[in-house]
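Asker: So here's start12.txt (compact mmCIF, C-alpha atoms).
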# COMPACT_ATOMS: atom_id res chain seq x y z
CA MET A 1 -37.28 84.73 -23.11
CA THR A 2 -39.12 86.73 -20.50
CA PHE A 3 -42.80 87.05 -19.77
CA PRO A 4 -43.29 90.60 -18.55
CA ASP A 5 -46.97 89.77 -18.53
CA LEU A 6 -46.36 87.35 -15.71
CA THR A 7 -45.52 90.03 -13.19
CA HIS A 8 -48.20 92.47 -14.24
CA PHE A 9 -50.90 92.56 -11.57
CA GLU A 10 -53.59 95.21 -11.26
CA LEU A 11 -54.94 95.74 -7.78
CA GLU A 12 -58.56 95.60 -8.89
CA ALA A 13 -58.00 92.35 -10.77
CA VAL A 14 -56.24 90.76 -7.81
CA LEU A 15 -59.03 91.78 -5.45
CA THR A 16 -61.69 90.43 -7.83
CA ILE A 17 -59.85 87.12 -8.10
CA LEU A 18 -59.43 86.93 -4.33
CA GLY A 19 -63.17 87.51 -3.96
CA MET A 20 -63.89 84.69 -6.41
CA ALA A 21 -61.45 82.44 -4.56
CA ALA A 22 -62.95 83.28 -1.18
CA VAL A 23 -66.54 82.43 -2.18
CA THR A 24 -65.45 79.23 -3.94
CA TYR A 25 -63.23 77.99 -1.12
CA SER A 26 -65.75 78.82 1.58
CA MET A 27 -68.38 76.74 -0.25
CA ARG A 28 -65.96 73.81 -0.61
CA LEU A 29 -64.96 73.87 3.04
CA GLY A 30 -68.40 74.96 4.26
CA GLY A 31 -70.10 71.97 2.65
CA LEU A 32 -67.70 69.59 4.38
CA ILE A 33 -67.98 71.28 7.77
CA MET A 34 -71.79 71.28 7.48
CA ALA A 35 -71.84 67.58 6.59
CA ASP A 36 -69.58 66.84 9.58
CA ARG A 37 -72.33 68.18 11.81
CA LEU A 38 -74.93 65.82 10.34
CA PRO A 39 -75.53 62.46 12.03
CA GLN A 40 -73.25 59.60 10.93
CA THR A 41 -76.14 57.17 10.57
CA GLY A 42 -79.80 57.18 9.62
CA ARG A 43 -81.60 59.30 7.08
CA TRP A 44 -78.94 62.01 6.69
CA ALA A 45 -76.10 59.53 6.24
CA HIS A 46 -78.22 57.75 3.63
CA VAL A 47 -78.85 61.03 1.80
CA LEU A 48 -75.14 61.98 1.90
CA GLU A 49 -74.22 58.61 0.44
CA ARG A 50 -76.59 59.20 -2.51
CA LEU A 51 -75.20 62.72 -3.07
CA PRO A 52 -72.16 61.94 -5.29
CA GLY A 53 -74.25 59.97 -7.78
CA ALA A 54 -76.98 62.62 -7.83
CA VAL A 55 -74.47 65.44 -8.44
CA LEU A 56 -72.62 63.47 -11.13
CA ILE A 57 -75.83 62.62 -12.98
CA SER A 58 -76.95 66.24 -12.84
CA VAL A 59 -73.63 67.31 -14.33
CA TRP A 60 -73.58 65.04 -17.37
CA VAL A 61 -77.17 64.04 -18.24
CA PRO A 62 -78.23 67.51 -19.47
CA SER A 63 -75.02 67.99 -21.48
CA ALA A 64 -75.35 64.55 -23.06
CA LEU A 65 -78.95 65.22 -24.07
CA SER A 66 -78.25 68.71 -25.39
CA ALA A 67 -75.48 67.23 -27.55
CA GLY A 68 -78.26 65.46 -29.50
CA PRO A 69 -78.51 61.82 -30.60
CA ILE A 70 -74.73 61.55 -30.95
CA GLY A 71 -74.27 62.82 -27.41
CA ILE A 72 -76.81 60.35 -26.04
CA ALA A 73 -75.21 57.47 -27.96
CA GLY A 74 -71.77 58.58 -26.73
CA ALA A 75 -72.90 58.70 -23.11
CA ALA A 76 -74.55 55.26 -23.41
CA THR A 77 -71.37 53.84 -24.94
CA THR A 78 -69.31 55.33 -22.11
CA VAL A 79 -71.57 53.91 -19.40
CA ILE A 80 -71.73 50.44 -20.97
CA THR A 81 -67.97 50.32 -21.52
CA MET A 82 -67.43 51.36 -17.91
CA ILE A 83 -69.77 48.66 -16.61
CA ILE A 84 -67.95 46.02 -18.65
CA SER A 85 -64.34 47.14 -18.32
CA ARG A 86 -64.35 49.15 -15.08
CA ASN A 87 -61.68 51.24 -16.74
CA LEU A 88 -62.14 55.00 -16.80
CA PHE A 89 -59.76 55.58 -19.67
CA ALA A 90 -61.33 52.90 -21.88
CA ALA A 91 -64.83 54.21 -21.14
CA MET A 92 -63.86 57.80 -21.99
CA ILE A 93 -62.11 56.79 -25.21
CA ALA A 94 -65.07 54.66 -26.33
CA GLY A 95 -67.54 57.50 -25.84
CA MET A 96 -65.28 60.16 -27.34
CA VAL A 97 -64.39 58.10 -30.40
CA LEU A 98 -68.07 57.48 -31.05
CA VAL A 99 -68.85 61.19 -30.77
CA ALA A 100 -65.86 62.24 -32.91
CA VAL A 101 -66.70 59.70 -35.63
CA GLY A 102 -70.40 60.54 -35.45
CA ARG A 103 -69.72 64.25 -35.85
CA TYR A 104 -67.34 63.61 -38.72
CA PHE A 105 -69.79 61.51 -40.71
CA ILE A 106 -73.16 62.84 -39.63
CA GLY A 107 -72.37 66.31 -38.32
CA ASN A 108 -73.82 67.83 -35.20
CA MET B 1 -38.98 49.80 -0.70
CA SER B 2 -36.10 51.26 1.21
CA ARG B 3 -38.06 53.64 3.36
CA PRO B 4 -40.48 52.36 6.00
CA GLU B 5 -44.12 52.02 4.96
CA PRO B 6 -46.06 55.13 5.95
CA ALA B 7 -48.73 54.66 8.54
CA PRO B 8 -52.04 53.92 6.78
CA ASN B 9 -53.70 56.96 8.25
CA ARG B 10 -51.05 59.56 7.49
CA HIS B 11 -53.00 62.62 6.40
CA PHE B 12 -51.34 63.31 3.05
CA ASP B 13 -48.87 60.53 2.33
CA THR B 14 -46.80 60.83 -0.83
CA ASP B 15 -47.88 57.47 -2.14
CA ALA B 16 -51.56 58.45 -2.02
CA ILE B 17 -50.79 61.81 -3.64
CA ARG B 18 -48.96 60.03 -6.46
CA ARG B 19 -51.80 57.55 -6.96
CA GLY B 20 -54.35 60.37 -6.98
CA ALA B 21 -52.37 62.16 -9.67
CA ILE B 22 -52.07 59.01 -11.80
CA ALA B 23 -55.81 58.33 -11.47
CA CYS B 24 -56.52 61.75 -13.05
CA LEU B 25 -54.22 61.06 -16.01
CA PRO B 26 -57.10 60.32 -18.45
CA LEU B 27 -58.22 63.92 -17.92
CA LEU B 28 -54.94 65.40 -19.14
CA PRO B 29 -55.83 66.13 -22.82
CA SER B 30 -59.21 67.75 -22.19
CA THR B 31 -58.00 69.74 -19.17
CA MET B 32 -54.99 70.98 -21.13
CA ILE B 33 -57.00 72.02 -24.19
CA PHE B 34 -59.74 73.76 -22.21
CA GLY B 35 -57.05 75.45 -20.14
CA ALA B 36 -55.60 76.72 -23.41
CA VAL B 37 -59.01 77.91 -24.63
CA LEU B 38 -59.33 79.89 -21.40
CA GLY B 39 -55.85 81.31 -21.99
CA VAL B 40 -56.86 82.55 -25.45
CA LEU B 41 -60.05 84.07 -24.02
CA ALA B 42 -57.98 85.84 -21.35
CA THR B 43 -55.80 87.57 -23.96
CA GLN B 44 -58.96 88.91 -25.60
CA ARG B 45 -60.38 90.17 -22.30
CA GLY B 46 -57.23 91.92 -21.13
CA LEU B 47 -56.13 89.76 -18.20
CA SER B 48 -52.39 89.45 -17.78
CA LEU B 49 -50.91 85.96 -17.78
CA GLY B 50 -49.97 86.42 -14.14
CA GLU B 51 -53.53 87.34 -13.22
CA LEU B 52 -54.92 84.35 -15.13
CA LEU B 53 -52.55 81.90 -13.43
CA PHE B 54 -53.27 83.50 -10.07
CA MET B 55 -56.98 82.91 -10.75
CA SER B 56 -56.44 79.34 -11.90
CA LEU B 57 -54.57 78.41 -8.73
CA THR B 58 -56.69 80.33 -6.21
CA VAL B 59 -60.19 79.81 -7.67
CA PHE B 60 -59.45 76.48 -9.43
CA ALA B 61 -62.91 75.97 -10.92
CA GLY B 62 -63.12 75.70 -14.69
CA SER B 63 -66.68 76.67 -15.52
CA ALA B 64 -66.71 79.64 -13.14
CA GLN B 65 -63.42 80.85 -14.59
CA PHE B 66 -64.77 80.68 -18.14
CA VAL B 67 -67.78 82.79 -17.23
CA SER B 68 -65.70 85.24 -15.18
CA VAL B 69 -63.03 85.75 -17.83
CA ASP B 70 -65.78 86.19 -20.39
CA LEU B 71 -67.34 88.93 -18.23
CA TRP B 72 -63.92 90.59 -17.69
CA ARG B 73 -63.56 94.14 -19.10
CA GLU B 74 -61.22 97.13 -18.82
CA THR B 75 -63.36 98.28 -15.89
CA ILE B 76 -63.88 95.01 -14.09
CA PRO B 77 -67.54 94.28 -13.16
CA VAL B 78 -66.39 93.03 -9.74
CA ALA B 79 -69.77 92.31 -8.17
CA THR B 80 -71.18 90.57 -11.26
CA ILE B 81 -68.14 88.34 -11.52
CA ILE B 82 -68.12 87.36 -7.84
CA ILE B 83 -71.88 86.68 -7.79
CA ALA B 84 -71.64 84.61 -11.00
CA THR B 85 -68.77 82.65 -9.46
CA ALA B 86 -70.78 82.02 -6.30
CA VAL B 87 -73.81 80.80 -8.25
CA ILE B 88 -71.83 78.53 -10.57
CA ASN B 89 -69.83 77.10 -7.68
CA LEU B 90 -72.78 76.53 -5.33
CA ARG B 91 -72.50 72.86 -6.23
CA TYR B 92 -69.25 72.76 -4.24
CA VAL B 93 -71.35 72.90 -1.07
CA LEU B 94 -72.78 69.52 -2.11
CA ILE B 95 -69.43 68.22 -3.33
CA GLY B 96 -67.83 69.30 -0.05
CA ALA B 97 -70.60 67.61 1.92
CA SER B 98 -70.19 64.36 0.00
CA LEU B 99 -66.46 64.35 0.86
CA ARG B 100 -67.24 63.66 4.52
CA PRO B 101 -66.05 60.02 4.37
CA VAL B 102 -62.76 61.13 2.78
CA PHE B 103 -61.96 63.37 5.74
CA ARG B 104 -63.56 61.20 8.42
CA GLY B 105 -61.69 61.46 11.69
CA ARG B 106 -59.13 63.94 10.33
CA PRO B 107 -58.25 67.14 12.19
CA LEU B 108 -59.57 70.49 11.01
CA TRP B 109 -56.27 71.61 9.48
CA VAL B 110 -56.32 68.62 7.12
CA LYS B 111 -59.79 69.65 5.96
CA ILE B 112 -58.64 73.26 5.55
CA CYS B 113 -55.62 72.21 3.47
CA GLY B 114 -57.36 69.41 1.60
CA MET B 115 -60.49 71.24 0.46
CA HIS B 116 -58.86 73.85 -1.75
CA MET B 117 -57.73 71.71 -4.69
CA VAL B 118 -61.14 70.11 -5.19
CA ALA B 119 -62.38 70.23 -8.77
CA ASP B 120 -65.31 68.22 -10.12
CA GLU B 121 -62.93 65.79 -11.79
CA ASN B 122 -60.63 64.77 -8.93
CA TRP B 123 -63.64 64.73 -6.60
CA ALA B 124 -65.45 62.29 -8.90
CA VAL B 125 -62.37 60.10 -9.29
CA THR B 126 -61.88 60.05 -5.51
CA MET B 127 -65.52 59.18 -4.78
CA THR B 128 -65.26 55.98 -6.84
CA GLN B 129 -62.26 54.71 -4.88
CA LYS B 130 -62.62 51.57 -2.85
CA ASN B 131 -60.97 53.09 0.19
CA LEU B 132 -62.55 56.51 0.42
CA ALA B 133 -60.80 57.83 3.48
CA ASN B 134 -57.78 59.28 1.75
CA PRO B 135 -57.34 63.05 1.56
CA GLY B 136 -53.92 62.54 -0.05
CA PHE B 137 -55.50 60.84 -3.06
CA LEU B 138 -57.90 63.76 -3.49
CA LEU B 139 -55.08 66.29 -3.13
CA GLY B 140 -52.85 64.42 -5.59
CA GLY B 141 -55.51 64.58 -8.28
CA GLY B 142 -56.10 68.27 -7.53
CA ILE B 143 -52.40 69.17 -7.75
CA PHE B 144 -52.06 67.25 -11.01
CA LEU B 145 -55.12 68.91 -12.57
CA GLY B 146 -54.00 72.32 -11.28
CA ILE B 147 -50.59 71.97 -12.93
CA VAL B 148 -52.09 70.75 -16.22
CA TRP B 149 -54.71 73.52 -16.10
CA ALA B 150 -52.02 76.18 -15.54
CA ILE B 151 -49.80 74.80 -18.32
CA GLY B 152 -52.81 74.84 -20.65
CA ASN B 153 -53.59 78.44 -19.66
CA THR B 154 -50.01 79.50 -20.35
CA ALA B 155 -49.87 77.71 -23.70
CA GLY B 156 -53.15 79.24 -24.85
CA TYR B 157 -52.14 82.69 -23.62
CA LEU B 158 -48.77 82.66 -25.40
CA LEU B 159 -50.06 81.09 -28.59
CA GLY B 160 -53.13 83.32 -28.59
CA GLY B 161 -55.13 81.09 -30.89
CA GLY B 162 -54.03 78.39 -33.30
CA ILE B 163 -54.90 75.72 -30.74
CA PRO B 164 -57.00 72.78 -31.91
CA ASP B 165 -60.77 73.15 -31.76
CA PRO B 166 -61.84 70.90 -28.85
CA ASN B 167 -65.03 69.93 -30.68
CA VAL B 168 -63.19 68.25 -33.55
CA TYR B 169 -61.67 65.55 -31.34
CA ALA B 170 -64.78 65.40 -29.14
CA LEU B 171 -62.66 66.81 -26.30
CA ASP B 172 -65.70 68.81 -25.21
CA PHE B 173 -67.40 65.45 -24.74
CA ALA B 174 -64.55 64.27 -22.49
CA PHE B 175 -66.14 65.89 -19.44
CA THR B 176 -69.54 64.35 -20.14
CA ALA B 177 -67.81 61.00 -20.65
CA VAL B 178 -65.73 61.12 -17.47
CA PHE B 179 -68.68 62.02 -15.27
CA ALA B 180 -70.92 59.41 -16.94
CA ALA B 181 -68.27 56.73 -16.46
CA LEU B 182 -67.61 57.65 -12.85
CA THR B 183 -71.33 57.58 -12.07
CA VAL B 184 -71.12 53.82 -12.63
CA GLY B 185 -68.60 53.60 -9.79
CA THR B 186 -70.89 55.33 -7.31
CA TRP B 187 -73.69 52.77 -7.78
CA LYS B 188 -74.34 51.10 -4.43
CA GLY B 189 -77.34 49.01 -5.41
CA LYS B 190 -80.97 49.43 -6.39
CA ILE B 191 -81.48 51.85 -3.53
CA ASP B 192 -79.79 54.38 -5.84
CA LEU B 193 -82.29 53.91 -8.66
CA LEU B 194 -85.03 56.29 -7.51
CA PRO B 195 -82.72 59.11 -6.35
CA TRP B 196 -80.73 58.84 -9.60
CA THR B 197 -83.87 58.93 -11.73
CA ALA B 198 -85.04 61.97 -9.79
CA ALA B 199 -81.64 63.62 -10.29
CA ALA B 200 -81.75 62.99 -14.04
CA ILE B 201 -85.30 64.34 -14.38
CA GLY B 202 -84.62 67.28 -12.06
CA SER B 203 -81.44 68.28 -13.89
CA LEU B 204 -83.18 68.08 -17.27
CA ILE B 205 -86.08 70.21 -16.09
CA GLY B 206 -83.54 72.62 -14.62
CA HIS B 207 -81.53 72.62 -17.83
CA TYR B 208 -84.49 73.69 -19.94
CA THR B 209 -86.05 76.14 -17.47
CA LEU B 210 -83.18 77.66 -15.47
CA PRO B 211 -80.08 79.58 -16.55
CA GLY B 212 -76.51 78.30 -16.39
CA THR B 213 -75.49 75.65 -13.91
CA TRP B 214 -78.65 75.78 -11.80
CA SER B 215 -79.56 72.45 -13.43
CA ILE B 216 -76.89 70.74 -11.31
CA LEU B 217 -78.52 72.07 -8.16
CA ALA B 218 -82.00 71.19 -9.42
CA GLY B 219 -80.96 67.62 -10.18
CA ALA B 220 -78.96 67.13 -7.00
CA GLY B 221 -81.80 68.67 -4.99
CA ALA B 222 -84.34 66.30 -6.54
CA GLY B 223 -82.02 63.36 -5.85
CA VAL B 224 -81.52 64.41 -2.24
CA ILE B 225 -85.26 64.81 -1.61
CA VAL B 226 -86.07 61.42 -3.10
CA ALA B 227 -83.19 59.81 -1.18
CA ALA B 228 -84.52 61.32 2.06
CA LEU B 229 -88.06 60.12 1.27
CA THR B 230 -87.03 56.58 0.32
CA TRP B 231 -84.95 56.02 3.44
CA ARG B 232 -86.24 53.39 5.84
CA LYS B 233 -84.68 52.18 9.06
CA ASP B 234 -84.14 48.69 7.73
CA ILE B 235 -82.13 49.71 4.67
CA ASP B 236 -79.28 51.13 6.68
CA GLY B 237 -76.10 49.44 5.56
CA PRO B 238 -73.09 48.98 7.77
CA SER B 239 -72.33 52.45 8.99
CA PRO B 240 -68.79 53.67 8.47
CA LYS B 241 -66.97 53.96 11.76
CA GLY B 242 -63.47 54.81 12.81
CA GLU B 243 -60.57 56.42 11.05
CA ILE B 244 -60.65 54.52 7.77
CA ALA B 245 -63.92 53.77 6.05
CA PRO B 246 -64.55 50.06 5.61
CA ASP B 247 -64.66 48.75 2.07
CA GLY B 248 -67.49 46.37 2.80
CA PHE B 249 -70.33 48.54 1.59
CA SER B 250 -68.77 49.08 -1.81
CA ALA B 251 -67.28 45.66 -2.35
CA THR B 252 -68.34 45.40 -5.98
CA GLU B 253 -67.39 48.94 -6.84
CA GLY B 254 -64.15 50.73 -7.30
CA ASN B 255 -62.28 48.13 -9.34
CA TYR B 256 -60.86 51.15 -11.04
CA SER B 257 -58.99 51.79 -7.80
CA THR B 258 -55.23 51.64 -7.99
CA GLU B 259 -55.35 50.25 -4.45
CA ALA B 260 -55.48 46.75 -5.88
CA GLY B 261 -51.88 46.84 -6.97
CA LYS B 262 -50.56 47.29 -3.46
Could you write out this structure as structure tokens?
Answerer:
Amino acid sequence: MTFPDLTHFELEAVLTILGMAAVTYSMRLGGLIMADRLPQTGRWAHVLERLPGAVLISVWVPSALSAGPIGIAGAATTVITMIISRNLFAAMIAGMVLVAVGRYFIGN
Amino acid sequence: MSRPEPAPNRHFDTDAIRRGAIACLPLLPSTMIFGAVLGVLATQRGLSLGELLFMSLTVFAGSAQFVSVDLWRETIPVATIIIATAVINLRYVLIGASLRPVFRGRPLWVKICGMHMVADENWAVTMTQKNLANPGFLLGGGIFLGIVWAIGNTAGYLLGGGIPDPNVYALDFAFTAVFAALTVGTWKGKIDLLPWTAAAIGSLIGHYTLPGTWSILAGAGAGVIVAALTWRKDIDGPSPKGEIAPDGFSATEGNYSTEAGK
């Protein structure tokens, strides 16, 4: 079995993808290089330490709320399970099962 | 163990890469299915499989790829796609900045090599580790997710439909769940409460008033501002020094770490 599709590359497509890759990678590396220039202690270090939590919350809180009551219940279940078990897999399964069951019986 | 233990500060040691990959295992089903959904979308938009895989391994950012492939046409709207990618991926500036402790004391080439395979998921998993200063762990998760993502793409592309609807098994909720769960691991104490509340409120306001993924930047921005405002000299914890970050300031966190088994 061959995939002729695999070797088909159009110049314009490749250049577009390279452009996407360049902007994405430069933001990844640029953020790190910028942070390296910030002081290691004091206000900036404190802010940088709060950053992961703030980004994570901003990623999932809006999607949980826009998924309706089932989404909110699922997110709460996930967080509580994580606090108790400290196990990522268990926390994910608990939240997902609740959402799947909720959708099945109640609908979206 | 027949071979000698690697030095603890090897830049990308195989053991850390392996542990990073294993830590991302819970993300396999959702990453695979969404990779397949993207593969199906690519067949409808006229990308070749080679182009799609090239994109998945060079851009390696799910949400930006979905939007870009969706915008893809016979005559490619190059500028629109690149600008959309830049806007959606602006959060990587913040993600990159927060990875400072992971690359602390490492040479520039390690940062250059280590920062490519950084997706939201392996970043989040890495940030909840007890011993942060491990670029190999981050890279391991990235390589694992990249392979799964590419396999999903290929499967979706070749099947061209007939893949399970992610919503039925709540696989769409998997991403919400993983980020919610990992948030717990980044809790450092009540000093986080105000910035986190600000982030939640900011992201919600952003979600209902701004397009696309600007809500992430709105929330993170609100969190950063509140964190900067609530800082006082006397709350400074032990500052991380040296090559490897000390575990002291996160002693109660990161039980999820696979470090414990060593």
Asker: Report, in Å with one decimal, the straight-line distance from CA of Leu56 (chain A) to CA of Gln40 (chain A).
Answerer: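 A separation of 22.4 Å between them.
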Asker: Determine the nearest neighbour of chain A from the options B:Pro164, B:Gly141, B:Gly221, B:Gly39, counting all atoms listed in the file.
Answerer: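 Going through B:Pro164, B:Gly141, B:Gly221, B:Gly39 one by one, the smallest distance to chain A is for B:Gly221.
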Asker: Give me the residues of chain A that have any atom at most 7 Å from an atom of chain B; for each, the nearest atom pair and the distance in Å, rounded to one decimal. Use only C-alpha atoms, sort by chain and number, and format it as CSV.
Answerer:
residue,atom,partner,partner_atom,distance
A:Asp5,CA,B:Ser48,CA,5.5
A:Leu6,CA,B:Gly50,CA,4.0
A:Thr7,CA,B:Gly50,CA,5.8
A:His8,CA,B:Ser48,CA,6.3
A:Phe9,CA,B:Glu51,CA,6.1
A:Val14,CA,B:Glu51,CA,7.0
A:Thr16,CA,B:Val78,CA,5.7
A:Ile17,CA,B:Met55,CA,5.7
A:Gly19,CA,B:Ile82,CA,6.3
A:Met20,CA,B:Ile82,CA,5.2
A:Ala21,CA,B:Val59,CA,4.3
A:Val23,CA,B:Ala86,CA,5.9
A:Thr24,CA,B:Asn89,CA,6.1
A:Tyr25,CA,B:His116,CA,6.1
A:Met27,CA,B:Val93,CA,4.9
A:Arg28,CA,B:Gly96,CA,4.9
A:Leu29,CA,B:Met115,CA,5.8
A:Gly30,CA,B:Val93,CA,6.4
A:Gly31,CA,B:Val93,CA,4.0
A:Leu32,CA,B:Ala97,CA,4.3
A:Met34,CA,B:Ala97,CA,6.8
A:Ala35,CA,B:Ala97,CA,4.8
A:Asp36,CA,B:Arg100,CA,6.4
A:Thr41,CA,B:Ser239,CA,6.3
A:Gly42,CA,B:Asp236,CA,6.7
A:Arg43,CA,B:Trp231,CA,5.9
A:His46,CA,B:Trp231,CA,7.0
A:Val47,CA,B:Ala227,CA,5.4
A:Leu48,CA,B:Ser98,CA,5.8
A:Arg50,CA,B:Asp192,CA,6.7
A:Leu51,CA,B:Ser98,CA,6.1
A:Pro52,CA,B:Ser98,CA,6.1
A:Gly53,CA,B:Thr183,CA,5.7
A:Ala54,CA,B:Ala220,CA,5.0
A:Val55,CA,B:Ala220,CA,5.0
A:Leu56,CA,B:Phe179,CA,5.9
A:Ile57,CA,B:Ala200,CA,6.0
A:Ser58,CA,B:Ile216,CA,4.8
A:Val59,CA,B:Ile216,CA,5.6
A:Trp60,CA,B:Thr176,CA,4.9
A:Val61,CA,B:Ala200,CA,6.3
A:Pro62,CA,B:Leu204,CA,5.4
A:Ser63,CA,B:Thr176,CA,6.7
A:Ala64,CA,B:Thr176,CA,6.5
A:Ala75,CA,B:Ala177,CA,6.1
A:Thr78,CA,B:Ala181,CA,5.9
A:Val79,CA,B:Ala181,CA,5.2
A:Met82,CA,B:Ala181,CA,5.6
A:Ile83,CA,B:Val184,CA,6.7
A:Arg86,CA,B:Tyr256,CA,5.7
A:Asn87,CA,B:Tyr256,CA,5.8
A:Leu88,CA,B:Ala181,CA,6.4
A:Phe89,CA,B:Pro26,CA,5.6
A:Ala91,CA,B:Ala181,CA,6.3
A:Met92,CA,B:Ala177,CA,5.3
A:Gly95,CA,B:Ala177,CA,6.3
A:Met96,CA,B:Ala170,CA,5.6
A:Val99,CA,B:Ala170,CA,6.1
A:Ala100,CA,B:Ala170,CA,5.0
Asker: Please compute the CA of Ile143 (chain B)-CA of Leu28 (chain B) distance, one decimal, in Å.
Answerer: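 Atom-to-atom, CA of Ile143 (chain B) and CA of Leu28 (chain B) are spaced 12.3 Å apart.
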Asker: Do you have the CA of Asn134 (chain B)-CA of Pro107 (chain B) distance handy?
Answerer: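 Those two atoms sit 13.1 Å apart.
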